[in-house]
Each structure stands twice: as structure tokens, then as C-alpha cells.
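Asker: So here's input09.cif (mmCIF, C-alpha atoms).
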```cif
data_query
#
loop_
_atom_site.label_atom_id
_atom_site.label_comp_id
_atom_site.auth_asym_id
_atom_site.auth_seq_id
_atom_site.Cartn_x
_atom_site.Cartn_y
_atom_site.Cartn_z
CA MET Y 1 0.00 0.00 0.00
CA LEU Y 2 1.23 3.47 -0.85
CA SER Y 3 -1.64 5.66 0.24
CA TYR Y 4 0.06 7.35 3.19
CA GLN Y 5 1.08 11.00 2.80
CA HIS Y 6 2.49 12.74 5.83
CA ALA Y 7 1.25 16.15 4.66
CA TYR Y 8 -2.08 15.33 6.32
CA HIS Y 9 -0.31 15.04 9.67
CA ALA Y 10 2.57 17.51 9.38
CA GLY Y 11 3.57 19.21 12.60
CA ASN Y 12 1.43 17.02 14.86
CA PHE Y 13 2.44 15.96 18.36
CA ALA Y 14 4.20 12.86 17.01
CA ASP Y 15 6.39 15.06 14.80
CA VAL Y 16 7.31 17.12 17.85
CA GLN Y 17 8.52 14.04 19.72
CA LYS Y 18 10.21 12.51 16.68
CA HIS Y 19 12.08 15.57 15.51
CA LEU Y 20 13.06 16.79 18.96
CA THR Y 21 14.62 13.37 19.55
CA LEU Y 22 16.29 13.45 16.14
CA TYR Y 23 17.64 16.94 16.78
CA ALA Y 24 19.07 15.94 20.17
CA VAL Y 25 20.79 12.86 18.72
CA ALA Y 26 22.27 14.75 15.75
CA ASP Y 27 23.44 17.55 18.05
CA TYR Y 28 25.35 15.03 20.12
CA LEU Y 29 26.94 13.41 17.05
CA LEU Y 30 28.24 16.79 15.93
CA ARG Y 31 30.47 16.96 18.99
CA LYS Y 32 32.99 14.62 17.32
CA LYS Y 33 34.78 15.38 14.05
CA SER Y 34 34.53 11.89 12.52
CA ALA Y 35 32.16 11.50 9.58
CA VAL Y 36 28.58 10.28 9.93
CA THR Y 37 26.37 8.54 7.39
CA TYR Y 38 22.75 9.49 8.07
CA VAL Y 39 19.91 7.36 6.68
CA ASP Y 40 16.22 8.28 6.55
CA SER Y 41 14.23 5.19 5.58
CA HIS Y 42 10.91 6.96 4.88
CA ALA Y 43 11.78 10.54 4.03
CA GLY Y 44 8.47 12.04 2.87
CA ARG Y 45 8.41 15.46 1.23
CA GLY Y 46 11.04 17.17 3.35
CA LEU Y 47 9.12 20.40 3.94
CA TYR Y 48 5.40 20.97 4.48
CA PRO Y 49 3.64 24.30 3.93
CA LEU Y 50 0.93 24.36 6.55
CA ALA Y 51 -1.48 26.14 4.22
CA THR Y 52 -1.77 23.23 1.79
CA LYS Y 53 -5.16 21.56 1.47
CA GLU Y 54 -3.78 18.27 2.80
CA THR Y 55 -2.46 19.79 6.03
CA GLN Y 56 -5.48 22.03 6.46
CA ARG Y 57 -7.85 19.07 6.17
CA LEU Y 58 -6.95 17.72 9.63
CA GLN Y 59 -4.92 20.63 11.04
CA GLU Y 60 -3.10 18.28 13.40
CA TYR Y 61 -0.36 20.85 13.90
CA ARG Y 62 -2.81 22.70 16.16
CA GLU Y 63 -2.30 19.93 18.73
CA GLY Y 64 1.41 19.74 18.03
CA ILE Y 65 3.84 22.43 16.97
CA ALA Y 66 1.41 25.39 17.09
CA PRO Y 67 1.08 25.68 20.91
CA LEU Y 68 4.85 25.26 21.33
CA TRP Y 69 5.48 27.94 18.75
CA GLN Y 70 3.10 30.34 20.43
CA ALA Y 71 4.77 29.78 23.81
CA ARG Y 72 8.37 29.68 22.56
CA GLN Y 73 9.42 32.93 24.25
CA GLN Y 74 8.38 31.52 27.63
CA LEU Y 75 10.09 28.13 27.29
CA SER Y 76 13.35 27.87 29.20
CA ASP Y 77 14.59 24.37 28.42
CA PRO Y 78 17.89 24.65 26.46
CA LEU Y 79 17.23 21.75 24.06
CA LEU Y 80 13.68 22.84 23.32
CA SER Y 81 14.74 26.45 22.80
CA ARG Y 82 17.50 25.49 20.35
CA TRP Y 83 15.11 23.24 18.46
CA LEU Y 84 12.50 25.99 18.12
CA THR Y 85 15.19 28.44 16.98
CA ALA Y 86 16.17 25.96 14.27
CA LEU Y 87 12.51 25.62 13.31
CA ASN Y 88 12.31 29.39 12.93
CA SER Y 89 15.15 29.25 10.39
CA ALA Y 90 12.93 27.04 8.17
CA GLN Y 91 10.30 29.78 7.88
CA PRO Y 92 10.33 32.02 4.79
CA ASN Y 93 9.26 34.88 7.04
CA ALA Y 94 10.97 34.88 10.41
CA ASP Y 95 8.73 34.48 13.47
CA ALA Y 96 5.73 33.43 11.33
CA LEU Y 97 4.99 29.69 11.43
CA SER Y 98 4.00 28.77 7.88
CA HIS Y 99 6.05 25.61 7.20
CA TYR Y 100 6.91 22.49 9.11
CA PRO Y 101 10.13 20.69 8.12
CA GLY Y 102 10.25 16.91 7.87
CA SER Y 103 13.15 14.68 8.83
CA PRO Y 104 15.19 15.34 5.64
CA TRP Y 105 15.37 19.01 6.59
CA TRP Y 106 16.33 18.27 10.20
CA LEU Y 107 19.00 15.80 9.13
CA ALA Y 108 20.37 18.20 6.51
CA GLN Y 109 21.02 20.76 9.25
CA ALA Y 110 23.48 18.33 10.85
CA LEU Y 111 25.47 17.67 7.67
CA ARG Y 112 29.08 18.73 7.41
CA ASP Y 113 31.19 18.48 4.25
CA HIS Y 114 32.46 14.99 5.10
CA ASP Y 115 29.07 13.56 6.16
CA GLN Y 116 26.55 11.77 3.94
CA LEU Y 117 22.75 11.58 3.90
CA ARG Y 118 20.61 8.95 2.17
CA LEU Y 119 16.92 9.72 1.85
CA PHE Y 120 14.66 6.83 0.81
CA GLU Y 121 11.07 7.36 -0.35
CA LEU Y 122 8.89 4.81 -2.16
CA HIS Y 123 5.71 6.85 -2.70
CA PRO Y 124 6.06 8.37 -6.20
CA GLY Y 125 4.25 11.59 -5.34
CA GLU Y 126 6.16 12.10 -2.11
CA HIS Y 127 9.46 11.39 -3.85
CA GLU Y 128 8.61 13.97 -6.50
CA HIS Y 129 8.03 16.57 -3.79
CA LEU Y 130 11.29 15.56 -2.08
CA SER Y 131 13.18 15.92 -5.36
CA GLY Y 132 12.09 19.55 -5.49
CA GLN Y 133 13.52 20.41 -2.07
CA THR Y 134 16.80 22.27 -1.75
CA LEU Y 135 19.25 20.05 0.11
CA PRO Y 136 23.05 19.95 0.50
CA LYS Y 137 25.11 18.13 -2.11
CA GLN Y 138 25.88 15.36 0.41
CA ALA Y 139 22.20 14.41 0.44
CA ARG Y 140 21.17 11.71 -2.01
CA ARG Y 141 17.51 11.00 -2.71
CA VAL Y 142 16.67 7.39 -3.49
CA TYR Y 143 13.34 6.32 -5.01
CA GLY Y 144 12.86 2.95 -3.39
CA ASP Y 145 12.01 0.86 -0.35
CA GLY Y 146 13.81 2.29 2.67
CA LEU Y 147 14.13 -0.91 4.70
CA GLN Y 148 15.58 -2.83 1.76
CA GLY Y 149 17.76 0.15 0.90
CA LEU Y 150 19.09 0.30 4.44
CA LYS Y 151 20.06 -3.38 4.38
CA GLN Y 152 21.83 -2.91 1.06
CA LEU Y 153 23.69 0.15 2.31
CA VAL Y 154 25.42 -1.45 5.30
CA PRO Y 155 28.20 -1.56 6.22
CA VAL Y 156 28.97 2.08 5.50
CA SER Y 157 32.40 3.56 4.88
CA SER Y 158 32.12 6.31 7.50
CA PRO Y 159 33.22 5.74 11.12
CA ARG Y 160 29.70 6.48 12.42
CA MET Y 161 26.13 5.86 11.31
CA CYS Y 162 22.77 7.31 12.34
CA VAL Y 163 19.46 5.88 11.11
CA LEU Y 164 15.87 7.07 11.35
CA VAL Y 165 13.22 4.43 10.60
CA ASP Y 166 9.80 6.03 10.27
CA PRO Y 167 7.31 3.90 8.29
CA SER Y 168 3.61 4.56 7.93
CA TYR Y 169 2.79 1.10 9.38
CA GLU Y 170 -0.07 0.75 6.90
CA ARG Y 171 0.51 -3.00 7.07
CA LYS Y 172 0.77 -4.99 10.30
CA ALA Y 173 3.75 -6.83 8.81
CA GLU Y 174 5.79 -3.62 8.83
CA TYR Y 175 6.34 -3.84 12.58
CA GLN Y 176 8.24 -7.11 12.20
CA GLU Y 177 9.90 -5.94 8.99
CA VAL Y 178 11.35 -3.02 10.94
CA VAL Y 179 12.71 -5.39 13.59
CA ASP Y 180 14.34 -7.56 10.92
CA ALA Y 181 15.89 -4.62 9.05
CA VAL Y 182 17.22 -3.00 12.22
CA ALA Y 183 18.66 -6.28 13.52
CA TYR Y 184 20.44 -6.83 10.20
CA THR Y 185 21.78 -3.27 10.22
CA LEU Y 186 23.20 -3.64 13.71
CA GLU Y 187 24.84 -6.94 12.80
CA LYS Y 188 26.79 -5.00 10.16
CA VAL Y 189 27.28 -1.75 12.09
CA ARG Y 190 27.08 -2.56 15.81
CA HIS Y 191 27.72 1.00 16.98
CA ALA Y 192 25.05 2.64 14.76
CA VAL Y 193 22.58 4.93 16.48
CA VAL Y 194 19.14 3.80 15.30
CA MET Y 195 15.90 5.69 15.95
CA ILE Y 196 12.52 4.07 15.29
CA TRP Y 197 9.23 5.93 15.43
CA TYR Y 198 6.00 4.03 16.07
CA PRO Y 199 2.34 4.97 16.58
CA LEU Y 200 0.28 4.12 19.63
CA LEU Y 201 -3.04 2.81 18.31
CA PRO Y 202 -5.85 0.95 20.07
CA ALA Y 203 -4.97 -2.28 18.23
CA GLY Y 204 -1.61 -2.33 20.05
CA HIS Y 205 0.46 -3.60 17.12
CA HIS Y 206 3.47 -1.64 18.39
CA GLU Y 207 3.97 -4.44 20.92
CA THR Y 208 5.15 -6.61 18.02
CA LEU Y 209 7.90 -4.07 17.40
CA LEU Y 210 8.95 -3.72 21.03
CA SER Y 211 8.84 -7.43 21.87
CA GLY Y 212 10.69 -8.24 18.64
CA LEU Y 213 13.47 -5.81 19.48
CA GLU Y 214 13.67 -7.09 23.04
CA ALA Y 215 14.07 -10.67 21.80
CA SER Y 216 16.54 -9.78 19.03
CA GLY Y 217 19.68 -9.77 21.14
CA ILE Y 218 20.27 -6.08 20.47
CA ARG Y 219 21.60 -4.24 23.51
CA LYS Y 220 21.15 -0.66 24.71
CA ILE Y 221 17.54 -0.08 23.61
CA TRP Y 222 15.78 2.91 25.17
CA HIS Y 223 12.31 4.12 24.29
CA SER Y 224 9.94 6.95 25.14
CA GLU Y 225 6.24 7.58 24.56
CA LEU Y 226 4.26 10.80 24.30
CA LEU Y 227 0.55 10.30 24.97
CA LEU Y 228 -2.22 12.79 24.29
CA ARG Y 229 -4.76 10.69 26.17
CA ALA Y 230 -5.19 7.26 27.72
CA ALA Y 231 -5.43 4.25 25.41
CA GLY Y 232 -8.97 3.40 26.48
CA GLU Y 233 -10.33 6.85 25.67
CA SER Y 234 -10.21 6.36 21.90
CA ALA Y 235 -11.73 3.53 19.89
CA HIS Y 236 -9.73 4.57 16.83
CA GLY Y 237 -6.97 6.92 15.86
CA MET Y 238 -3.53 7.54 17.29
CA TYR Y 239 -3.56 8.35 21.00
CA GLY Y 240 0.20 8.63 21.34
CA SER Y 241 3.54 8.06 19.68
CA GLY Y 242 6.78 6.34 20.59
CA MET Y 243 10.47 6.59 19.82
CA VAL Y 244 12.99 3.79 20.19
CA VAL Y 245 16.65 4.80 20.31
CA ILE Y 246 19.28 2.08 20.06
CA ASN Y 247 22.77 3.04 21.25
CA PRO Y 248 21.44 6.35 22.56
CA PRO Y 249 23.91 9.16 23.22
CA TRP Y 250 24.86 9.67 26.86
CA GLY Y 251 22.38 11.91 28.67
CA LEU Y 252 19.68 11.74 25.97
CA ASP Y 253 17.07 10.45 28.40
CA GLU Y 254 17.60 13.32 30.85
CA GLN Y 255 17.67 15.91 28.06
CA LEU Y 256 14.39 14.76 26.56
CA ALA Y 257 12.69 14.36 29.93
CA ALA Y 258 13.51 17.99 30.76
CA ALA Y 259 12.29 19.22 27.38
CA MET Y 260 9.11 17.17 27.50
CA SER Y 261 8.27 18.51 30.94
CA GLN Y 262 7.66 21.84 29.18
CA VAL Y 263 6.03 20.30 26.09
CA THR Y 264 3.30 18.19 27.69
CA PRO Y 265 1.46 21.00 29.54
CA LEU Y 266 1.01 22.73 26.19
CA LEU Y 267 -0.58 19.68 24.56
CA GLY Y 268 -3.51 19.32 26.95
CA SER Y 269 -4.23 18.32 30.51
CA ASP Y 270 -4.27 14.59 29.69
CA SER Y 271 -0.95 14.51 27.85
CA HIS Y 272 2.06 12.91 29.49
CA TYR Y 273 5.49 11.54 28.69
CA ARG Y 274 7.13 8.34 29.84
CA ALA Y 275 10.45 6.67 29.09
CA LYS Y 276 12.45 3.61 30.11
CA TRP Y 277 15.10 1.18 28.99
CA LEU Y 278 13.73 -1.75 27.03
CA VAL Y 279 17.12 -3.51 27.11
CA GLY Y 280 20.18 -2.30 29.01
CA GLU Y 281 23.87 -2.92 28.45
#
```
Taking this structure as input, can you express it in the form of C-alpha cells?

Answerer:
Amino acid sequence: MLSYQHAYHAGNFADVQKHLTLYAVADYLLRKKSAVTYVDSHAGRGLYPLATKETQRLQEYREGIAPLWQARQQLSDPLLSRWLTALNSAQPNADALSHYPGSPWWLAQALRDHDQLRLFELHPGEHEHLSGQTLPKQARRVYGDGLQGLKQLVPVSSPRMCVLVDPSYERKAEYQEVVDAVAYTLEKVRHAVVMIWYPLLPAGHHETLLSGLEASGIRKIWHSELLLRAAGESAHGMYGSGMVVINPPWGLDEQLAAAMSQVTPLLGSDSHYRAKWLVGE
């Protein structure tokens, strides 16, 4: 199935969690001079004008980035403030929120001359949009399946590797396919930092992902979840989102906990954030 288009959901609460985590990881990797190969398995369009008919149909950004943007001058957390400053740089008109950048944009901000970025996108329309985005010369767009592309790419020539796996999960089988692709990647590049986004839906299929990772033999697996409401309060639709980080940078958990303590009050009285190690050392 290739019906999913992230433009309908751009800037929602899940994007906030995903891209804040991505930004924190990339920021840490920039502390060392050695080259990094970044991989985005499901890149999407790269940049989303909020005024498009797709985004305006659901307006999910109103429960995501919009309240953070409106309160940005009052937010004191260092990570959150830096992230919102970076977001401002993506706006054609400073201090006016009109665009939300996807993961290709966030990853491109971390690129140095000796780094590489591989952006996979299988949806023909989304890939066409991505091809029209302005990105650094080190960024290569690939029209194809991101999980297969990731497996074909490893091992990489650079000393370090950072991967974002962010499928639509239109098929139940994708949860296990992600486990298989990530396990293969870490067999080839044991030190790679791998981030996996997943939705929290009433059907609970994310448990296949988490239990599969836990049983895979992979070490150092940490995950966090941002919930808008309790699971039982919605018969359908996404009630929360999760992020797995394998080989997380030191201090990531404390950084994100501090940032999320300022995010969750802006998302509604029922929203909350939780995090724990799935597998330790």
C-alpha cells in the first residue's frame, strides 16, 4: 500500500517528539569530528507548507507544533529552545509559522562536508516533492524501499552511522519488517545509532515491534512515549507516539525528559510523557 502521505499530519504531536529526539541525537553526534552517514528510511516530502489543502484538512499541527510555537518565548529548556530556533530558520518569514520541516530538513542541518545523507522514499508523489527540495550536495535522494535500501547500504564507509526508521505502518507486517531490518543493520554496524518511530493505536500492534526488538539480542535499547490521552479513551486513531533509540547518546534520556516537561502542559491536561530502557547494556 502506498496511500500514506504525511502532509495530512505535518507538525502534529508525534512530529514534535520525533524531531526533537532526532535533533538531540544529531546535536550530540556533531560533537565529534569523525564522519557520519545518516539514513532516513521513509523521508516524505522534506518540507510541508501548513497552508496546503492536505495539512489544512486535519490541522493536526494545532495539537502539536502550534502551541509550542506560540509559547516559545516563555520556554526555558535549552534543548527545546535550540530546536524551536532551528525551526524558525525554516520559515520564509521569520517568526511566522507557515512551514513544518520533515526529517530530511532536520538531518540536513546536521550535515558537514564529510558527512553523507541517504533519503529513501517509495511513494512516487512524495518522492517527486522531495526531489524539489533544496538540500546539500551530500544528500542523495533514493526512489525505493527504505528498509531494503538500508540493508543494502550497510556496512557504510564512515566511522559512524545514524538511522531514522519512520514507516507509515499501513501494514501490520511492517512492525516485524522493521525489527528484521534494524537487527540486520546492527549486525553489520554494531555501533550505529538507530531511531525508530512508532504509533500508539488501540490495536496495540506496536507491541510486536517492542517485543521483537527485546528478543533480538540487540543491547542498549531505550524508548519513550508521548501520549495525548489514555489508550482506552479512543476507539480509533492515534492516542500517542513512541520513539525507540538504540545506542542512545549519553544523557539523551535526561535531556528529553527535561524538554518534554515543558512540552506536555502545552498539549492538553491529559498529555504525558514516559520513558524507560527496554534492554540495558

Asker: As a list in words, please: the residues near Glu63 in chain Y (cut-off 8 Å, all atoms listed in the file, same-chain neighbours under 6 positions excluded).

Answerer: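 Listing them by chain and then by number gives Asn12, Phe13 and Leu267 of chain Y.
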
Asker: Evaluated on this file, the PyMOL selection byres ((chain Y and resi 130) around 8) picks out some residues - which ones are they, written as JSON, numbers by chain?

Answerer: {"Y": [43, 44, 45, 46, 126, 127, 128, 129, 131, 132, 133, 141]}

Asker: Enter the distance from CA of Gly237 in chain Y to CA of Pro202 in chain Y, in Å, rounded to one decimal.

Answerer: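 Between CA of Gly237 in chain Y and CA of Pro202 in chain Y the gap works out to 7.4 Å.
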
Asker: Can you tell me, as a PDB file with C-alpha atoms, in the frame of the given file, what residues are no more than 10 Å from Leu68 in chain Y when counting all atoms listed in the file, ignoring any on the same chain fewer than 6 positions away?

Answerer:
```pdb
ATOM      1  CA  VAL Y  16       7.310  17.120  17.850  1.00  0.00           C
ATOM      2  CA  ARG Y  62      -2.810  22.700  16.160  1.00  0.00           C
ATOM      3  CA  GLN Y  74       8.380  31.520  27.630  1.00  0.00           C
ATOM      4  CA  LEU Y  75      10.090  28.130  27.290  1.00  0.00           C
ATOM      5  CA  LEU Y  80      13.680  22.840  23.320  1.00  0.00           C
ATOM      6  CA  LEU Y  84      12.500  25.990  18.120  1.00  0.00           C
ATOM      7  CA  GLN Y 262       7.660  21.840  29.180  1.00  0.00           C
ATOM      8  CA  VAL Y 263       6.030  20.300  26.090  1.00  0.00           C
ATOM      9  CA  THR Y 264       3.300  18.190  27.690  1.00  0.00           C
ATOM     10  CA  PRO Y 265       1.460  21.000  29.540  1.00  0.00           C
ATOM     11  CA  LEU Y 266       1.010  22.730  26.190  1.00  0.00           C
ATOM     12  CA  LEU Y 267      -0.580  19.680  24.560  1.00  0.00           C
TER      13      LEU Y 267
END
```

Asker: Which residues are close to Met195 in chain Y, i.e. within 10 Å by all atoms listed in the file, leaving aside same-chain residues fewer than 3 positions away? Reply as a list in words.

Answerer: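 Near neighbours after the sequence-gap exclusion: Lys18, Thr21, Leu22, Val25, Asp40, Cys162, Val163, Leu164, Val165, Asp166, Val182, Ala192, Ile221, Trp222, His223, Met243, Val244, Val245, Ile246, Asn247 and Pro248 of chain Y.
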
Asker: Apply the PyMOL selection byres ((chain Y and resi 154) around 8) to the structure shown and report the selected residues as a list in words.

Answerer: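 In the shown coordinates, the PyMOL selection byres ((chain Y and resi 154) around 8) covers Leu150, Lys151, Gln152, Leu153, Pro155, Val156, Thr185, Lys188 and Val189 of chain Y.
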
Asker: Select, from Y:Arg72, Y:Arg190, Y:His272, Y:Lys53, the residue with the minimum atom-to-atom distance to Ser224 in chain Y, counting all atoms listed in the file.

Answerer: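 Nearest candidate to Ser224 in chain Y out of Y:Arg72, Y:Arg190, Y:His272, Y:Lys53: Y:His272.
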
Asker: Which one of Y:Gly268, Y:Pro67, Y:Gly149, Y:Pro49 sits closest to Arg229 in chain Y if you count all atoms listed in the file?

Answerer: Y:Gly268

Asker: Which residue, Y:Arg140, Y:Ser41, Y:His9, Y:Leu58, has the smallest gap to Tyr100 in chain Y when you use all atoms listed in the file?

Answerer: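 Distance minimum relative to Tyr100 in chain Y lands on Y:His9.
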
Asker: Calculate how many Å separate CA of Gly240 in chain Y from CA of Leu226 in chain Y, rounding to one decimal.

Answerer: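 Between CA of Gly240 in chain Y and CA of Leu226 in chain Y the gap is 5.5 Å.
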
Asker: Since the input is missing atoms, can you rebuild N, CA, C and O atoms for range 47-72 of chain Y and write them as a tab-separated table (two decimals), keeping the file's coordinate frame?

Answerer:
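Written output follows (result.tsv):
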```
chain	number	residue	atom	x	y	z
Y	47	LEU	N	9.59	19.12	3.42
Y	47	LEU	CA	9.12	20.40	3.94
Y	47	LEU	C	7.64	20.52	3.62
Y	47	LEU	O	7.21	20.26	2.50
Y	48	TYR	N	6.85	20.97	4.61
Y	48	TYR	CA	5.40	20.97	4.48
Y	48	TYR	C	4.82	22.36	4.74
Y	48	TYR	O	4.80	22.82	5.89
Y	49	PRO	N	4.37	23.05	3.70
Y	49	PRO	CA	3.64	24.30	3.93
Y	49	PRO	C	2.33	24.00	4.65
Y	49	PRO	O	1.54	23.17	4.20
Y	50	LEU	N	2.10	24.66	5.74
Y	50	LEU	CA	0.93	24.36	6.55
Y	50	LEU	C	-0.38	24.80	5.89
Y	50	LEU	O	-1.46	24.36	6.29
Y	51	ALA	N	-0.27	25.64	4.88
Y	51	ALA	CA	-1.48	26.14	4.22
Y	51	ALA	C	-2.01	25.21	3.13
Y	51	ALA	O	-3.08	25.47	2.57
Y	52	THR	N	-1.30	24.12	2.83
Y	52	THR	CA	-1.77	23.23	1.79
Y	52	THR	C	-3.08	22.57	2.18
Y	52	THR	O	-3.39	22.41	3.36
Y	53	LYS	N	-3.84	22.15	1.18
Y	53	LYS	CA	-5.16	21.56	1.47
Y	53	LYS	C	-5.04	20.27	2.26
Y	53	LYS	O	-5.91	19.96	3.08
Y	54	GLU	N	-3.95	19.51	2.05
Y	54	GLU	CA	-3.78	18.27	2.80
Y	54	GLU	C	-3.62	18.56	4.29
Y	54	GLU	O	-4.29	17.96	5.13
Y	55	THR	N	-2.72	19.48	4.62
Y	55	THR	CA	-2.46	19.79	6.03
Y	55	THR	C	-3.65	20.48	6.67
Y	55	THR	O	-3.98	20.23	7.84
Y	56	GLN	N	-4.33	21.31	5.92
Y	56	GLN	CA	-5.48	22.03	6.46
Y	56	GLN	C	-6.69	21.12	6.68
Y	56	GLN	O	-7.56	21.44	7.48
Y	57	ARG	N	-6.70	19.98	6.02
Y	57	ARG	CA	-7.85	19.07	6.17
Y	57	ARG	C	-8.00	18.60	7.62
Y	57	ARG	O	-9.11	18.59	8.17
Y	58	LEU	N	-6.89	18.22	8.25
Y	58	LEU	CA	-6.95	17.72	9.63
Y	58	LEU	C	-6.41	18.73	10.65
Y	58	LEU	O	-6.76	18.66	11.82
Y	59	GLN	N	-5.51	19.60	10.18
Y	59	GLN	CA	-4.92	20.63	11.04
Y	59	GLN	C	-4.35	20.04	12.33
Y	59	GLN	O	-4.51	20.60	13.42
Y	60	GLU	N	-3.64	18.93	12.21
Y	60	GLU	CA	-3.10	18.28	13.40
Y	60	GLU	C	-1.99	19.09	14.05
Y	60	GLU	O	-1.68	18.88	15.24
Y	61	TYR	N	-1.41	20.00	13.32
Y	61	TYR	CA	-0.36	20.85	13.90
Y	61	TYR	C	-0.90	21.72	15.03
Y	61	TYR	O	-0.13	22.21	15.88
Y	62	ARG	N	-2.22	21.90	15.08
Y	62	ARG	CA	-2.81	22.70	16.16
Y	62	ARG	C	-2.69	22.01	17.51
Y	62	ARG	O	-2.75	22.67	18.56
Y	63	GLU	N	-2.53	20.68	17.50
Y	63	GLU	CA	-2.30	19.93	18.73
Y	63	GLU	C	-0.85	19.49	18.83
Y	63	GLU	O	-0.52	18.60	19.62
Y	64	GLY	N	0.01	20.12	18.04
Y	64	GLY	CA	1.41	19.74	18.03
Y	64	GLY	C	2.32	20.95	18.12
Y	64	GLY	O	2.50	21.54	19.18
Y	65	ILE	N	2.84	21.36	16.97
Y	65	ILE	CA	3.84	22.43	16.97
Y	65	ILE	C	3.25	23.80	17.27
Y	65	ILE	O	3.92	24.66	17.85
Y	66	ALA	N	1.98	24.05	16.93
Y	66	ALA	CA	1.41	25.39	17.09
Y	66	ALA	C	1.46	25.90	18.53
Y	66	ALA	O	1.92	27.03	18.76
Y	67	PRO	N	1.00	25.15	19.55
Y	67	PRO	CA	1.08	25.68	20.91
Y	67	PRO	C	2.50	25.88	21.41
Y	67	PRO	O	2.76	26.81	22.19
Y	68	LEU	N	3.45	25.06	20.95
Y	68	LEU	CA	4.85	25.26	21.33
Y	68	LEU	C	5.39	26.53	20.71
Y	68	LEU	O	6.11	27.30	21.35
Y	69	TRP	N	5.03	26.74	19.45
Y	69	TRP	CA	5.48	27.94	18.75
Y	69	TRP	C	4.95	29.20	19.43
Y	69	TRP	O	5.70	30.17	19.63
Y	70	GLN	N	3.71	29.17	19.80
Y	70	GLN	CA	3.10	30.34	20.43
Y	70	GLN	C	3.73	30.64	21.79
Y	70	GLN	O	3.80	31.81	22.20
Y	71	ALA	N	4.20	29.60	22.47
Y	71	ALA	CA	4.77	29.78	23.81
Y	71	ALA	C	6.30	29.82	23.82
Y	71	ALA	O	6.90	29.83	24.89
Y	72	ARG	N	6.92	29.88	22.64
Y	72	ARG	CA	8.37	29.68	22.56
Y	72	ARG	C	9.17	30.70	23.36
Y	72	ARG	O	10.26	30.40	23.86
```
